[in-house]
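Read the structure below first, then the notes.
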Amino acid sequence: MRTREDAFHLAIPARDLDEAAHFYWKQLGCPIARRYDDRITLNFFGDQVVCHLSPDTPRGEPRLYPRHFGITFRERSDLDNLLRLVEVREIPVFLEAQLRFEGTVEEHTTVVLRDPTDNLLEFKHYRDPRMMF
């Protein structure tokens with residue numbers, strides 16, 4: 001069983017490692033743990049994201065479904081802090097912050113960001129924390 005000391009690992013493509021490092025480290029504040037010629041390893045809100053150099057990744061308009069990743073915050077203040085960061089640092093937004101499933105047990109606020117390789121990152125907070133899983 002996973003403990004708090006364990007980290008989830010996700011590998012994603014990056015057309016340009018300098019652009020990826022700028023987005024994840026300088027804009028989102030995710031520390032770079034390691035950097036090599038072909039990849040960077042990040043501390044993504046306590047989990048591990050590895051951006052693998054993939055210069056041939058096709059460009060185009062990304063679709064949210066079926067592929068995206070992100071963080072579901074337990075505390076609303078953490079989402080609010082991220083939203084302020086997005087505004088201050090002018091981080092590219094794919095879908096503006098919005099309330100989904102209003103009035104239901106699944107009500108949550110969500111925002112979707114877009115990294116330089118068109119990977120989509122969803123950050124959200126459920127009004128009822130039982131809906132996190």
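Residue numbering restarts at 1 for every chain of the structure tokens, chains are lettered A, B, ... in their displayed order, and ligands are numbered from 1 as they appear.
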
Self-check item: strand (DSSP E) per DSSP on the backbone: members of chain A, as a PyMOL selection string
Solution: chain A and resi 9-14+32-35+39-44+47-53+69-73+93-100+108-114+120-126

Exercise. Considering only C-alpha atoms, return as a PyMOL selection string whatever protein or nucleic-acid residues lie within 12 Å of stretch 91-105 of chain A, sequence-local ones (same chain, fewer than 3 positions apart) excluded.
Key: chain A and resi 22-29+61-64+68+79-80+82-88+108-132

Practice problem: Write out as a ChimeraX atom specification each polymer residue whose atoms come within 12 Å of A:Tyr36, counting only C-alpha atoms; drop sequence neighbours fewer than 4 positions from it. | Solution: /A:17-18,21,32,40-42,50-53

Prev. selection, N, CA and C atoms, output as an mmCIF file, in the first residue's frame:
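What ended up in out.cif:
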data_model
loop_
_atom_site.group_PDB
_atom_site.id
_atom_site.type_symbol
_atom_site.label_atom_id
_atom_site.label_comp_id
_atom_site.auth_asym_id
_atom_site.auth_seq_id
_atom_site.Cartn_x
_atom_site.Cartn_y
_atom_site.Cartn_z
ATOM 1 N N LEU A 17 13.297 20.798 -23.553
ATOM 2 C CA LEU A 17 13.495 20.685 -22.110
ATOM 3 C C LEU A 17 13.644 22.043 -21.425
ATOM 4 N N ASP A 18 14.205 23.030 -22.113
ATOM 5 C CA ASP A 18 14.306 24.364 -21.518
ATOM 6 C C ASP A 18 12.914 24.965 -21.307
ATOM 7 N N ALA A 21 11.310 23.059 -18.412
ATOM 8 C CA ALA A 21 11.882 23.484 -17.132
ATOM 9 C C ALA A 21 11.331 24.845 -16.724
ATOM 10 N N ILE A 32 13.241 21.166 -9.806
ATOM 11 C CA ILE A 32 13.902 20.178 -10.654
ATOM 12 C C ILE A 32 14.813 19.344 -9.760
ATOM 13 N N ILE A 40 14.141 15.725 -17.708
ATOM 14 C CA ILE A 40 14.214 16.394 -16.416
ATOM 15 C C ILE A 40 13.229 15.698 -15.480
ATOM 16 N N THR A 41 13.644 15.559 -14.240
ATOM 17 C CA THR A 41 12.807 14.950 -13.212
ATOM 18 C C THR A 41 12.391 16.056 -12.256
ATOM 19 N N LEU A 42 11.076 16.144 -11.993
ATOM 20 C CA LEU A 42 10.515 17.232 -11.193
ATOM 21 C C LEU A 42 9.818 16.703 -9.950
ATOM 22 N N VAL A 50 8.454 13.173 -14.905
ATOM 23 C CA VAL A 50 9.656 13.188 -15.728
ATOM 24 C C VAL A 50 9.262 13.648 -17.121
ATOM 25 N N CYS A 51 9.882 14.719 -17.572
ATOM 26 C CA CYS A 51 9.665 15.233 -18.928
ATOM 27 C C CYS A 51 10.768 14.664 -19.813
ATOM 28 N N HIS A 52 10.391 13.770 -20.739
ATOM 29 C CA HIS A 52 11.346 13.146 -21.654
ATOM 30 C C HIS A 52 11.394 13.953 -22.952
ATOM 31 N N LEU A 53 12.595 14.266 -23.380
ATOM 32 C CA LEU A 53 12.772 15.018 -24.618
ATOM 33 C C LEU A 53 12.153 14.254 -25.780
#

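Minimum distance to A:His9 across A:Pro55, A:Gly46, A:Pro66, A:Gly60 (counting only C-alpha atoms) occurs at A:Gly46.
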
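Here atom CA of A:Cys30 and atom CA of A:Glu75 stand 18.7 Å from one another.
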
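The two atoms in question, atom CA of A:Asp47 and atom CA of A:Ala33, are spaced 11.2 Å apart.
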
Practice problem: Could you give me the residues within chain A that DSSP places in helix (DSSP H, G or I), as a VMD selection string? | Solution: chain A and resid 17 to 27 76 to 89 129 to 132

Selection file, N, CA, C and O atoms, as an mmCIF file, in the first residue's frame:
data_model
loop_
_atom_site.group_PDB
_atom_site.id
_atom_site.type_symbol
_atom_site.label_atom_id
_atom_site.label_comp_id
_atom_site.auth_asym_id
_atom_site.auth_seq_id
_atom_site.Cartn_x
_atom_site.Cartn_y
_atom_site.Cartn_z
ATOM 1 N N LEU A 17 13.297 20.798 -23.553
ATOM 2 C CA LEU A 17 13.495 20.685 -22.110
ATOM 3 C C LEU A 17 13.644 22.043 -21.425
ATOM 4 O O LEU A 17 13.239 22.205 -20.276
ATOM 5 N N ASP A 18 14.205 23.030 -22.113
ATOM 6 C CA ASP A 18 14.306 24.364 -21.518
ATOM 7 C C ASP A 18 12.914 24.965 -21.307
ATOM 8 O O ASP A 18 12.640 25.561 -20.267
ATOM 9 N N GLU A 19 12.043 24.811 -22.301
ATOM 10 C CA GLU A 19 10.668 25.294 -22.155
ATOM 11 C C GLU A 19 9.946 24.552 -21.035
ATOM 12 O O GLU A 19 9.227 25.162 -20.239
ATOM 13 N N ALA A 20 10.129 23.248 -20.967
ATOM 14 C CA ALA A 20 9.487 22.455 -19.919
ATOM 15 C C ALA A 20 9.994 22.878 -18.547
ATOM 16 O O ALA A 20 9.205 23.058 -17.610
ATOM 17 N N ALA A 21 11.310 23.059 -18.412
ATOM 18 C CA ALA A 21 11.882 23.484 -17.132
ATOM 19 C C ALA A 21 11.331 24.845 -16.724
ATOM 20 O O ALA A 21 10.978 25.052 -15.556
ATOM 21 N N HIS A 22 11.219 25.755 -17.664
ATOM 22 C CA HIS A 22 10.678 27.078 -17.352
ATOM 23 C C HIS A 22 9.229 26.971 -16.864
ATOM 24 O O HIS A 22 8.863 27.570 -15.856
ATOM 25 N N PHE A 23 8.427 26.220 -17.568
ATOM 26 C CA PHE A 23 7.016 26.084 -17.204
ATOM 27 C C PHE A 23 6.854 25.448 -15.825
ATOM 28 O O PHE A 23 6.176 25.991 -14.955
ATOM 29 N N TYR A 24 7.456 24.281 -15.644
ATOM 30 C CA TYR A 24 7.226 23.538 -14.400
ATOM 31 C C TYR A 24 7.970 24.140 -13.211
ATOM 32 O O TYR A 24 7.428 24.158 -12.105
ATOM 33 N N TRP A 25 9.173 24.640 -13.412
ATOM 34 C CA TRP A 25 9.959 25.163 -12.283
ATOM 35 C C TRP A 25 9.690 26.644 -12.063
ATOM 36 O O TRP A 25 9.257 27.063 -10.992
ATOM 37 N N LYS A 26 9.926 27.451 -13.084
ATOM 38 C CA LYS A 26 9.825 28.905 -12.908
ATOM 39 C C LYS A 26 8.384 29.388 -12.794
ATOM 40 O O LYS A 26 8.116 30.355 -12.089
ATOM 41 N N GLN A 27 7.457 28.754 -13.514
ATOM 42 C CA GLN A 27 6.068 29.216 -13.454
ATOM 43 C C GLN A 27 5.265 28.497 -12.372
ATOM 44 O O GLN A 27 4.627 29.152 -11.563
ATOM 45 N N ARG A 76 -9.186 23.977 -0.142
ATOM 46 C CA ARG A 76 -9.560 24.981 -1.142
ATOM 47 C C ARG A 76 -8.500 26.080 -1.235
ATOM 48 O O ARG A 76 -8.223 26.607 -2.315
ATOM 49 N N SER A 77 -7.872 26.420 -0.114
ATOM 50 C CA SER A 77 -6.860 27.478 -0.121
ATOM 51 C C SER A 77 -5.682 27.125 -1.031
ATOM 52 O O SER A 77 -5.082 28.014 -1.641
ATOM 53 N N ASP A 78 -5.368 25.839 -1.176
ATOM 54 C CA ASP A 78 -4.280 25.442 -2.071
ATOM 55 C C ASP A 78 -4.646 25.705 -3.527
ATOM 56 O O ASP A 78 -3.816 26.170 -4.317
ATOM 57 N N LEU A 79 -5.893 25.428 -3.904
ATOM 58 C CA LEU A 79 -6.343 25.745 -5.260
ATOM 59 C C LEU A 79 -6.350 27.257 -5.467
ATOM 60 O O LEU A 79 -5.895 27.750 -6.504
ATOM 61 N N ASP A 80 -6.838 28.000 -4.488
ATOM 62 C CA ASP A 80 -6.856 29.463 -4.596
ATOM 63 C C ASP A 80 -5.448 30.021 -4.766
ATOM 64 O O ASP A 80 -5.230 30.939 -5.568
ATOM 65 N N ASN A 81 -4.477 29.461 -4.038
ATOM 66 C CA ASN A 81 -3.085 29.908 -4.185
ATOM 67 C C ASN A 81 -2.567 29.622 -5.581
ATOM 68 O O ASN A 81 -1.876 30.448 -6.179
ATOM 69 N N LEU A 82 -2.904 28.457 -6.124
ATOM 70 C CA LEU A 82 -2.487 28.132 -7.482
ATOM 71 C C LEU A 82 -3.125 29.088 -8.486
ATOM 72 O O LEU A 82 -2.464 29.565 -9.406
ATOM 73 N N LEU A 83 -4.400 29.400 -8.308
ATOM 74 C CA LEU A 83 -5.084 30.317 -9.226
ATOM 75 C C LEU A 83 -4.435 31.700 -9.203
ATOM 76 O O LEU A 83 -4.300 32.346 -10.249
ATOM 77 N N ARG A 84 -4.011 32.142 -8.032
ATOM 78 C CA ARG A 84 -3.296 33.428 -7.947
ATOM 79 C C ARG A 84 -1.963 33.347 -8.679
ATOM 80 O O ARG A 84 -1.564 34.268 -9.387
ATOM 81 N N LEU A 85 -1.246 32.239 -8.515
ATOM 82 C CA LEU A 85 0.026 32.031 -9.191
ATOM 83 C C LEU A 85 -0.156 32.061 -10.707
ATOM 84 O O LEU A 85 0.622 32.687 -11.430
ATOM 85 N N VAL A 86 -1.187 31.396 -11.197
ATOM 86 C CA VAL A 86 -1.491 31.368 -12.631
ATOM 87 C C VAL A 86 -1.701 32.791 -13.150
ATOM 88 O O VAL A 86 -1.187 33.162 -14.205
ATOM 89 N N GLU A 87 -2.429 33.589 -12.393
ATOM 90 C CA GLU A 87 -2.705 34.965 -12.806
ATOM 91 C C GLU A 87 -1.445 35.824 -12.770
ATOM 92 O O GLU A 87 -1.127 36.505 -13.752
ATOM 93 N N VAL A 88 -0.707 35.769 -11.689
ATOM 94 C CA VAL A 88 0.477 36.623 -11.519
ATOM 95 C C VAL A 88 1.568 36.266 -12.526
ATOM 96 O O VAL A 88 2.195 37.148 -13.113
ATOM 97 N N ARG A 89 1.778 34.978 -12.749
ATOM 98 C CA ARG A 89 2.851 34.536 -13.642
ATOM 99 C C ARG A 89 2.381 34.343 -15.077
ATOM 100 O O ARG A 89 3.148 33.910 -15.929
ATOM 101 N N PRO A 129 -14.809 16.467 0.455
ATOM 102 C CA PRO A 129 -13.541 15.747 0.275
ATOM 103 C C PRO A 129 -13.712 14.247 0.036
ATOM 104 O O PRO A 129 -12.790 13.604 -0.482
ATOM 105 N N ARG A 130 -14.873 13.683 0.328
ATOM 106 C CA ARG A 130 -15.089 12.258 0.043
ATOM 107 C C ARG A 130 -15.080 11.978 -1.458
ATOM 108 O O ARG A 130 -14.910 10.834 -1.886
ATOM 109 N N MET A 131 -15.239 13.012 -2.272
ATOM 110 C CA MET A 131 -15.302 12.826 -3.732
ATOM 111 C C MET A 131 -13.924 12.862 -4.381
ATOM 112 O O MET A 131 -13.800 12.710 -5.588
ATOM 113 N N MET A 132 -12.862 13.024 -3.590
ATOM 114 C CA MET A 132 -11.516 13.073 -4.154
ATOM 115 C C MET A 132 -11.141 11.769 -4.870
ATOM 116 O O MET A 132 -10.307 11.770 -5.768
#
